[in-house]
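Shown next: structure22.cif, containing mmCIF, C-alpha atoms.
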```cif
data_my_file
loop_
_atom_site.group_PDB
_atom_site.id
_atom_site.type_symbol
_atom_site.label_atom_id
_atom_site.label_comp_id
_atom_site.auth_asym_id
_atom_site.auth_seq_id
_atom_site.Cartn_x
_atom_site.Cartn_y
_atom_site.Cartn_z
ATOM 1 C CA MET A 1 139.656 -7.200 162.740
ATOM 2 C CA SER A 2 139.365 -10.978 162.543
ATOM 3 C CA ILE A 3 137.527 -13.119 165.114
ATOM 4 C CA SER A 4 140.846 -14.194 166.677
ATOM 5 C CA SER A 5 141.970 -10.570 167.015
ATOM 6 C CA ARG A 6 138.634 -9.556 168.561
ATOM 7 C CA CYS A 7 138.853 -12.530 170.913
ATOM 8 C CA ASP A 8 142.396 -11.510 171.807
ATOM 9 C CA SER A 9 141.210 -8.007 172.693
ATOM 10 C CA SER A 10 138.386 -9.504 174.795
ATOM 11 C CA ILE A 11 140.659 -11.854 176.732
ATOM 12 C CA LYS A 12 143.653 -9.518 177.182
ATOM 13 C CA PRO A 13 142.476 -8.180 180.569
ATOM 14 C CA ALA A 14 142.337 -11.697 182.041
ATOM 15 C CA PRO A 15 146.107 -12.192 182.582
ATOM 16 C CA ALA A 16 146.292 -8.776 184.235
ATOM 17 C CA ALA A 17 144.229 -10.158 187.089
ATOM 18 C CA GLY A 18 146.739 -12.966 187.661
ATOM 19 C CA PRO A 19 149.296 -11.075 189.758
ATOM 20 C CA VAL A 20 146.494 -9.500 191.802
ATOM 21 C CA LEU A 21 144.900 -12.851 192.512
ATOM 22 C CA ILE A 22 148.195 -14.218 193.836
ATOM 23 C CA LEU A 23 147.346 -12.318 197.009
ATOM 24 C CA HIS A 24 143.958 -14.044 197.094
ATOM 25 C CA GLU A 25 144.874 -17.701 196.521
ATOM 26 C CA TYR A 26 145.111 -17.822 192.721
ATOM 27 C CA ASN A 27 144.832 -21.630 192.456
ATOM 28 C CA SER A 28 141.620 -21.794 194.483
ATOM 29 C CA TYR A 29 140.039 -18.931 192.511
ATOM 30 C CA MET A 30 141.050 -19.841 188.946
ATOM 31 C CA THR A 31 139.344 -23.211 188.755
ATOM 32 C CA LEU A 32 138.845 -25.110 185.498
ATOM 33 C CA LYS A 33 135.213 -24.001 185.449
ATOM 34 C CA ARG A 34 136.099 -20.301 185.807
ATOM 35 C CA VAL A 35 138.794 -20.541 183.115
ATOM 36 C CA SER A 36 136.306 -22.227 180.758
ATOM 37 C CA VAL A 37 133.706 -19.520 181.432
ATOM 38 C CA HIS A 38 136.249 -16.739 180.724
ATOM 39 C CA ILE A 39 137.366 -18.342 177.452
ATOM 40 C CA ALA A 40 133.785 -19.013 176.340
ATOM 41 C CA ALA A 41 132.776 -15.423 177.199
ATOM 42 C CA ALA A 42 135.691 -14.023 175.188
ATOM 43 C CA TRP A 43 134.834 -16.086 172.099
ATOM 44 C CA LEU A 44 131.081 -15.415 172.427
ATOM 45 C CA THR A 45 131.694 -11.660 172.705
ATOM 46 C CA ALA A 46 133.951 -11.738 169.644
ATOM 47 C CA CYS A 47 131.384 -13.702 167.603
ATOM 48 C CA LEU A 48 128.556 -11.323 168.597
ATOM 49 C CA CYS A 49 130.682 -8.344 167.531
ATOM 50 C CA ILE A 50 131.324 -9.999 164.158
ATOM 51 C CA VAL A 51 127.589 -10.677 163.695
ATOM 52 C CA CYS A 52 126.738 -7.017 164.483
ATOM 53 C CA THR A 53 129.439 -5.755 162.125
ATOM 54 C CA VAL A 54 128.332 -7.992 159.259
ATOM 55 C CA SER A 55 124.657 -7.118 159.829
ATOM 56 C CA LEU A 56 125.378 -3.382 159.601
ATOM 57 C CA SER A 57 127.573 -3.752 156.511
ATOM 58 C CA ALA A 58 125.100 -6.045 154.733
ATOM 59 C CA THR A 59 122.541 -3.206 154.485
ATOM 60 C CA LEU A 60 124.938 -0.814 152.705
ATOM 61 C CA GLN A 61 124.592 -0.035 149.016
ATOM 62 C CA LEU A 62 128.012 -0.428 147.375
ATOM 63 C CA CYS A 63 129.194 1.739 144.458
ATOM 64 C CA GLY A 64 132.434 -0.088 143.714
ATOM 65 C CA ASN A 65 134.132 -3.466 143.873
ATOM 66 C CA ILE A 66 137.851 -2.632 144.175
ATOM 67 C CA ILE A 67 139.384 -2.911 147.649
ATOM 68 C CA ASN A 68 142.770 -1.247 148.159
ATOM 69 C CA ASN A 69 143.903 -3.828 150.646
ATOM 70 C CA ILE A 70 145.572 -7.257 150.736
ATOM 71 C CA TYR A 71 142.585 -8.800 152.482
ATOM 72 C CA CYS A 72 138.929 -7.858 152.795
ATOM 73 C CA ASN A 73 137.916 -6.211 156.054
ATOM 74 C CA ASN A 74 134.833 -4.304 157.181
ATOM 75 C CA ASN A 75 136.272 -0.798 156.785
ATOM 76 C CA SER A 76 137.282 -1.534 153.197
ATOM 77 C CA ILE A 77 133.654 -2.455 152.428
ATOM 78 C CA VAL A 78 132.283 0.613 154.239
ATOM 79 C CA LYS A 79 134.536 2.862 152.107
ATOM 80 C CA LEU A 80 132.869 1.469 148.957
ATOM 81 C CA ALA A 81 129.372 2.406 150.176
ATOM 82 C CA CYS A 82 127.264 5.141 148.543
ATOM 83 C CA SER A 83 124.688 5.110 151.342
ATOM 84 C CA ASP A 84 124.943 6.706 154.783
ATOM 85 C CA THR A 85 127.708 5.061 156.837
ATOM 86 C CA ARG A 86 127.441 7.142 160.014
ATOM 87 C CA VAL A 87 126.007 4.226 162.019
ATOM 88 C CA ASN A 88 128.827 1.935 160.851
ATOM 89 C CA ASN A 89 131.488 4.512 161.700
ATOM 90 C CA LEU A 90 129.949 5.208 165.106
ATOM 91 C CA TYR A 91 129.733 1.475 165.875
ATOM 92 C CA GLY A 92 133.384 1.047 164.865
ATOM 93 C CA LEU A 93 134.529 3.866 167.148
ATOM 94 C CA VAL A 94 132.459 2.609 170.097
ATOM 95 C CA HIS A 95 133.695 -0.935 169.548
ATOM 96 C CA SER A 96 137.334 0.224 169.434
ATOM 97 C CA ALA A 97 136.872 2.235 172.637
ATOM 98 C CA ILE A 98 135.180 -0.592 174.560
ATOM 99 C CA PHE A 99 137.242 -3.567 173.393
ATOM 100 C CA ILE A 100 140.660 -1.972 172.772
ATOM 101 C CA LEU A 101 141.124 1.366 174.546
ATOM 102 C CA PHE A 102 139.311 0.603 177.823
ATOM 103 C CA PRO A 103 140.983 -2.818 178.434
ATOM 104 C CA MET A 104 144.428 -1.337 177.718
ATOM 105 C CA ILE A 105 143.891 1.513 180.178
ATOM 106 C CA LEU A 106 142.604 -0.983 182.763
ATOM 107 C CA ILE A 107 145.606 -3.294 182.251
ATOM 108 C CA LEU A 108 148.171 -0.475 182.414
ATOM 109 C CA TYR A 109 146.568 0.922 185.568
ATOM 110 C CA THR A 110 146.548 -2.553 187.143
ATOM 111 C CA TYR A 111 150.212 -3.160 186.364
ATOM 112 C CA MET A 112 151.229 0.296 187.601
ATOM 113 C CA ARG A 113 149.636 -0.537 190.950
ATOM 114 C CA ILE A 114 151.217 -4.003 191.026
ATOM 115 C CA LEU A 115 154.712 -2.810 190.108
ATOM 116 C CA ARG A 116 154.541 0.080 192.572
ATOM 117 C CA VAL A 117 153.799 -2.350 195.414
ATOM 118 C CA CYS A 118 156.402 -4.902 194.253
ATOM 119 C CA PHE A 119 159.202 -2.371 193.735
ATOM 120 C CA SER A 120 158.755 -1.143 197.282
ATOM 121 C CA GLY A 121 159.635 -4.639 198.512
ATOM 122 C CA SER A 122 162.784 -6.750 198.472
ATOM 123 C CA LYS A 123 165.093 -7.374 195.502
ATOM 124 C CA GLN A 124 163.679 -10.896 195.046
ATOM 125 C CA THR A 125 160.139 -9.505 194.944
ATOM 126 C CA ARG A 126 161.152 -6.951 192.288
ATOM 127 C CA GLN A 127 162.816 -9.629 190.125
ATOM 128 C CA LYS A 128 159.783 -11.914 190.385
ATOM 129 C CA ALA A 129 157.417 -9.040 189.507
ATOM 130 C CA VAL A 130 159.457 -8.117 186.430
ATOM 131 C CA SER A 131 159.706 -11.731 185.200
ATOM 132 C CA THR A 132 155.958 -12.256 185.718
ATOM 133 C CA CYS A 133 154.693 -8.997 184.223
ATOM 134 C CA THR A 134 157.135 -8.501 181.328
ATOM 135 C CA PRO A 135 155.736 -11.161 178.909
ATOM 136 C CA HIS A 136 152.180 -9.889 179.235
ATOM 137 C CA LEU A 137 153.224 -6.236 178.899
ATOM 138 C CA VAL A 138 155.295 -7.032 175.786
ATOM 139 C CA SER A 139 152.326 -8.922 174.323
ATOM 140 C CA LEU A 140 150.012 -6.031 175.224
ATOM 141 C CA PHE A 141 152.192 -3.380 173.536
ATOM 142 C CA ASN A 142 152.612 -5.668 170.522
ATOM 143 C CA PHE A 143 148.828 -5.963 170.238
ATOM 144 C CA ALA A 144 148.362 -2.218 170.868
ATOM 145 C CA PHE A 145 150.775 -1.328 168.063
ATOM 146 C CA GLY A 146 148.925 -3.587 165.602
ATOM 147 C CA CYS A 147 145.515 -2.196 166.624
ATOM 148 C CA CYS A 148 146.625 1.445 166.491
ATOM 149 C CA PHE A 149 148.047 1.104 163.006
ATOM 150 C CA GLU A 150 144.991 -0.832 161.806
ATOM 151 C CA VAL A 151 142.637 1.883 163.118
ATOM 152 C CA ILE A 152 144.750 4.713 161.650
ATOM 153 C CA ARG A 153 145.163 2.922 158.320
ATOM 154 C CA SER A 154 141.445 2.150 158.016
ATOM 155 C CA ARG A 155 140.243 5.626 159.055
ATOM 156 C CA PHE A 156 142.800 7.749 157.202
ATOM 157 C CA GLU A 157 144.461 7.490 153.825
ATOM 158 C CA ILE A 158 148.217 6.914 154.266
ATOM 159 C CA SER A 159 149.766 7.370 150.837
ATOM 160 C CA THR A 160 153.255 8.420 151.995
ATOM 161 C CA LEU A 161 154.253 4.964 153.255
ATOM 162 C CA PRO A 162 156.250 2.676 150.908
ATOM 163 C CA ALA A 163 154.222 -0.201 149.467
ATOM 164 C CA LEU A 164 156.215 -2.944 151.266
ATOM 165 C CA VAL A 165 155.909 -1.190 154.645
ATOM 166 C CA SER A 166 152.167 -0.743 154.151
ATOM 167 C CA ILE A 167 151.766 -4.430 153.225
ATOM 168 C CA PHE A 168 153.784 -5.586 156.257
ATOM 169 C CA LEU A 169 151.882 -3.378 158.694
ATOM 170 C CA SER A 170 148.516 -4.359 157.233
ATOM 171 C CA LEU A 171 149.338 -8.019 157.931
ATOM 172 C CA TYR A 172 150.962 -7.343 161.316
ATOM 173 C CA LEU A 173 147.819 -7.681 163.438
ATOM 174 C CA ILE A 174 146.520 -10.901 161.873
ATOM 175 C CA VAL A 175 149.894 -12.645 161.310
ATOM 176 C CA CYS A 176 152.615 -11.347 163.642
ATOM 177 C CA GLN A 177 150.453 -11.007 166.755
ATOM 178 C CA PRO A 178 149.309 -14.682 166.880
ATOM 179 C CA LEU A 179 152.838 -15.901 165.996
ATOM 180 C CA LEU A 180 154.687 -13.759 168.548
ATOM 181 C CA ASN A 181 152.447 -14.564 171.529
ATOM 182 C CA PRO A 182 153.544 -18.229 171.855
ATOM 183 C CA ILE A 183 157.186 -17.124 171.502
ATOM 184 C CA ILE A 184 156.866 -14.370 174.114
ATOM 185 C CA TYR A 185 155.187 -16.621 176.670
ATOM 186 C CA GLY A 186 156.908 -19.852 175.634
ATOM 187 C CA LEU A 187 160.509 -18.663 175.921
ATOM 188 C CA LYS A 188 159.804 -17.605 179.506
ATOM 189 C CA MET A 189 159.355 -21.301 180.387
ATOM 190 C CA SER A 190 162.768 -22.812 181.058
ATOM 191 C CA LYS A 191 162.005 -26.196 179.444
ATOM 192 C CA ILE A 192 160.888 -24.649 176.141
ATOM 193 C CA PHE A 193 163.783 -22.164 176.204
ATOM 194 C CA ASP A 194 166.363 -24.927 176.813
ATOM 195 C CA LYS A 195 164.914 -27.105 174.054
ATOM 196 C CA CYS A 196 164.968 -24.196 171.547
ATOM 197 C CA LYS A 197 168.518 -23.377 172.601
ATOM 198 C CA ARG A 198 169.680 -26.981 172.057
ATOM 199 C CA LEU A 199 167.899 -27.134 168.696
ATOM 200 C CA LEU A 200 169.483 -23.895 167.456
ATOM 201 C CA CYS A 201 172.936 -24.907 168.744
ATOM 202 C CA SER A 202 172.740 -28.307 167.019
ATOM 203 C CA LYS A 203 171.718 -26.711 163.711
ATOM 204 C CA PHE A 204 174.529 -24.174 164.033
ATOM 205 C CA LEU A 205 177.075 -26.962 164.593
ATOM 206 C CA LEU A 206 175.781 -28.883 161.569
ATOM 207 C CA ILE A 207 176.161 -25.776 159.389
ATOM 208 C CA GLN A 208 179.726 -25.272 160.641
ATOM 209 C CA LEU A 209 180.668 -28.936 159.975
ATOM 210 C CA ARG A 210 179.437 -28.668 156.402
#
```
Please render this file's structure as structure tokens.
Amino acid sequence: MSISSRCDSSIKPAPAAGPVLILHEYNSYMTLKRVSVHIAAAWLTACLCIVCTVSLSATLQLCGNIINNIYCNNNSIVKLACSDTRVNNLYGLVHSAIFILFPMILILYTYMRILRVCFSGSKQTRQKAVSTCTPHLVSLFNFAFGCCFEVIRSRFEISTLPALVSIFLSLYLIVCQPLLNPIIYGLKMSKIFDKCKRLLCSKFLLIQLR
């Protein structure tokens, strides 16, 4: 995965704490200093993971130079190695478990607890819980889908998929995920949604007039 994807996986659990912290004075807890520390920790963790990955791959003896992929990633290089790659494979599995699987389980558990409490309350509380949690859950499942396919595609040979589908899914994690996140969170804000709506309506009217 790229640095941005690794950073995304590191910072994903942070929004899950938001609804919980509402009960504990969110504004007083999430100060500018704490937000800066969380962001810096996410990026530092991602960079350290990249350094470890590159260091392990740099010691491998390669027996080929053809990568069956649109872009070069670590697993593609490991597959070209003639030397022992058990350490690389073990590191990849541990990394995936710690930075992808564990945060997702933690987030899903957190939201199950939150939604269970909220849905036992009033109708207004349920509506607010759904509107608050939905964007992050959609973003989480979007990220999970990209990660799952990337792991499956890199660990196993999938020759039955059509070429165009394989190309699209291989680019999904590094292209679609960063593009969809601003849309998912942005359209929830009424000002951005209204501006997009006016822009699309004006373009539609211009097309009709022509």
Close residues, Ile77 of chain A itself excluded, 8 Å, all atoms listed in the file, min 6 positions apart in chain, as a count of residues only: 3
Interatomic distance, atom CA of Lys123 of chain A to atom CA of Pro182 of chain A (Å, one decimal): 28.5 Å
Pairwise distance for atom CA of Ser139 of chain A and atom CA of Gln177 of chain A, rounded to one decimal in Å: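 Between atom CA of Ser139 of chain A and atom CA of Gln177 of chain A the gap is 8.1 Å.
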Expected selection from the PyMOL selection byres ((chain A and resi 91) around 12), given as number ranges by chain: A: 49-50, 52-57, 74-75, 78, 85-90, 92-99
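Rounded to one decimal, atom CA of Tyr185 of chain A and atom CA of Phe143 of chain A lie 14.0 Å from each other.
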Spatial neighbours of Tyr172 of chain A, max dist 12 Å, all atoms listed in the file, sep filter under 4 positions, as a PyMOL selection string: chain A and resi 1+5+70+142-150+165-168+176-180
Nearest candidate to Leu169 of chain A (options A:Ser154, A:Cys118, A:Ile183, A:Asn65; using all atoms listed in the file): A:Ser154
Counting all atoms listed in the file, the residue of A:Ala81, A:His136, A:Tyr111, A:Ala46 that sits nearest Ala58 of chain A: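 Closest residue, counting all atoms listed in the file: A:Ala81.
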Complete the atom set of segment 80-93 of chain A to N, CA, C and O atoms and return it as a PDB file, in the frame of the given file.
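Saved the output as part21.pdb:
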```
ATOM      1  N   LEU A  80     133.457   1.619 150.290  1.00  0.00           N
ATOM      2  CA  LEU A  80     132.869   1.469 148.957  1.00  0.00           C
ATOM      3  C   LEU A  80     131.392   1.869 148.920  1.00  0.00           C
ATOM      4  O   LEU A  80     130.790   1.902 147.855  1.00  0.00           O
ATOM      5  N   ALA A  81     130.815   2.163 150.091  1.00  0.00           N
ATOM      6  CA  ALA A  81     129.372   2.406 150.176  1.00  0.00           C
ATOM      7  C   ALA A  81     128.993   3.791 149.663  1.00  0.00           C
ATOM      8  O   ALA A  81     129.719   4.762 149.833  1.00  0.00           O
ATOM      9  N   CYS A  82     127.837   3.859 148.988  1.00  0.00           N
ATOM     10  CA  CYS A  82     127.264   5.141 148.543  1.00  0.00           C
ATOM     11  C   CYS A  82     126.259   5.642 149.568  1.00  0.00           C
ATOM     12  O   CYS A  82     125.963   6.831 149.613  1.00  0.00           O
ATOM     13  N   SER A  83     125.712   4.728 150.376  1.00  0.00           N
ATOM     14  CA  SER A  83     124.688   5.110 151.342  1.00  0.00           C
ATOM     15  C   SER A  83     125.332   5.682 152.609  1.00  0.00           C
ATOM     16  O   SER A  83     126.553   5.726 152.738  1.00  0.00           O
ATOM     17  N   ASP A  84     124.487   6.079 153.538  1.00  0.00           N
ATOM     18  CA  ASP A  84     124.943   6.706 154.783  1.00  0.00           C
ATOM     19  C   ASP A  84     125.673   5.676 155.649  1.00  0.00           C
ATOM     20  O   ASP A  84     125.137   4.605 155.953  1.00  0.00           O
ATOM     21  N   THR A  85     126.896   6.002 156.045  1.00  0.00           N
ATOM     22  CA  THR A  85     127.708   5.061 156.837  1.00  0.00           C
ATOM     23  C   THR A  85     127.972   5.587 158.254  1.00  0.00           C
ATOM     24  O   THR A  85     128.874   5.096 158.932  1.00  0.00           O
ATOM     25  N   ARG A  86     127.196   6.559 158.693  1.00  0.00           N
ATOM     26  CA  ARG A  86     127.441   7.142 160.014  1.00  0.00           C
ATOM     27  C   ARG A  86     127.257   6.117 161.131  1.00  0.00           C
ATOM     28  O   ARG A  86     128.018   6.105 162.105  1.00  0.00           O
ATOM     29  N   VAL A  87     126.243   5.249 160.997  1.00  0.00           N
ATOM     30  CA  VAL A  87     126.007   4.226 162.019  1.00  0.00           C
ATOM     31  C   VAL A  87     127.182   3.248 162.079  1.00  0.00           C
ATOM     32  O   VAL A  87     127.640   2.878 163.166  1.00  0.00           O
ATOM     33  N   ASN A  88     127.682   2.842 160.907  1.00  0.00           N
ATOM     34  CA  ASN A  88     128.827   1.935 160.851  1.00  0.00           C
ATOM     35  C   ASN A  88     130.068   2.548 161.482  1.00  0.00           C
ATOM     36  O   ASN A  88     130.791   1.893 162.248  1.00  0.00           O
ATOM     37  N   ASN A  89     130.318   3.831 161.144  1.00  0.00           N
ATOM     38  CA  ASN A  89     131.488   4.512 161.700  1.00  0.00           C
ATOM     39  C   ASN A  89     131.377   4.695 163.207  1.00  0.00           C
ATOM     40  O   ASN A  89     132.359   4.516 163.939  1.00  0.00           O
ATOM     41  N   LEU A  90     130.171   5.035 163.673  1.00  0.00           N
ATOM     42  CA  LEU A  90     129.949   5.208 165.106  1.00  0.00           C
ATOM     43  C   LEU A  90     130.132   3.881 165.844  1.00  0.00           C
ATOM     44  O   LEU A  90     130.767   3.831 166.908  1.00  0.00           O
ATOM     45  N   TYR A  91     129.578   2.800 165.269  1.00  0.00           N
ATOM     46  CA  TYR A  91     129.733   1.475 165.875  1.00  0.00           C
ATOM     47  C   TYR A  91     131.215   1.082 165.948  1.00  0.00           C
ATOM     48  O   TYR A  91     131.667   0.547 166.963  1.00  0.00           O
ATOM     49  N   GLY A  92     131.961   1.378 164.875  1.00  0.00           N
ATOM     50  CA  GLY A  92     133.384   1.047 164.865  1.00  0.00           C
ATOM     51  C   GLY A  92     134.156   1.785 165.936  1.00  0.00           C
ATOM     52  O   GLY A  92     135.017   1.209 166.612  1.00  0.00           O
ATOM     53  N   LEU A  93     133.845   3.066 166.126  1.00  0.00           N
ATOM     54  CA  LEU A  93     134.529   3.866 167.148  1.00  0.00           C
ATOM     55  C   LEU A  93     134.179   3.389 168.553  1.00  0.00           C
ATOM     56  O   LEU A  93     135.053   3.279 169.423  1.00  0.00           O
TER      57      LEU A  93
END
```
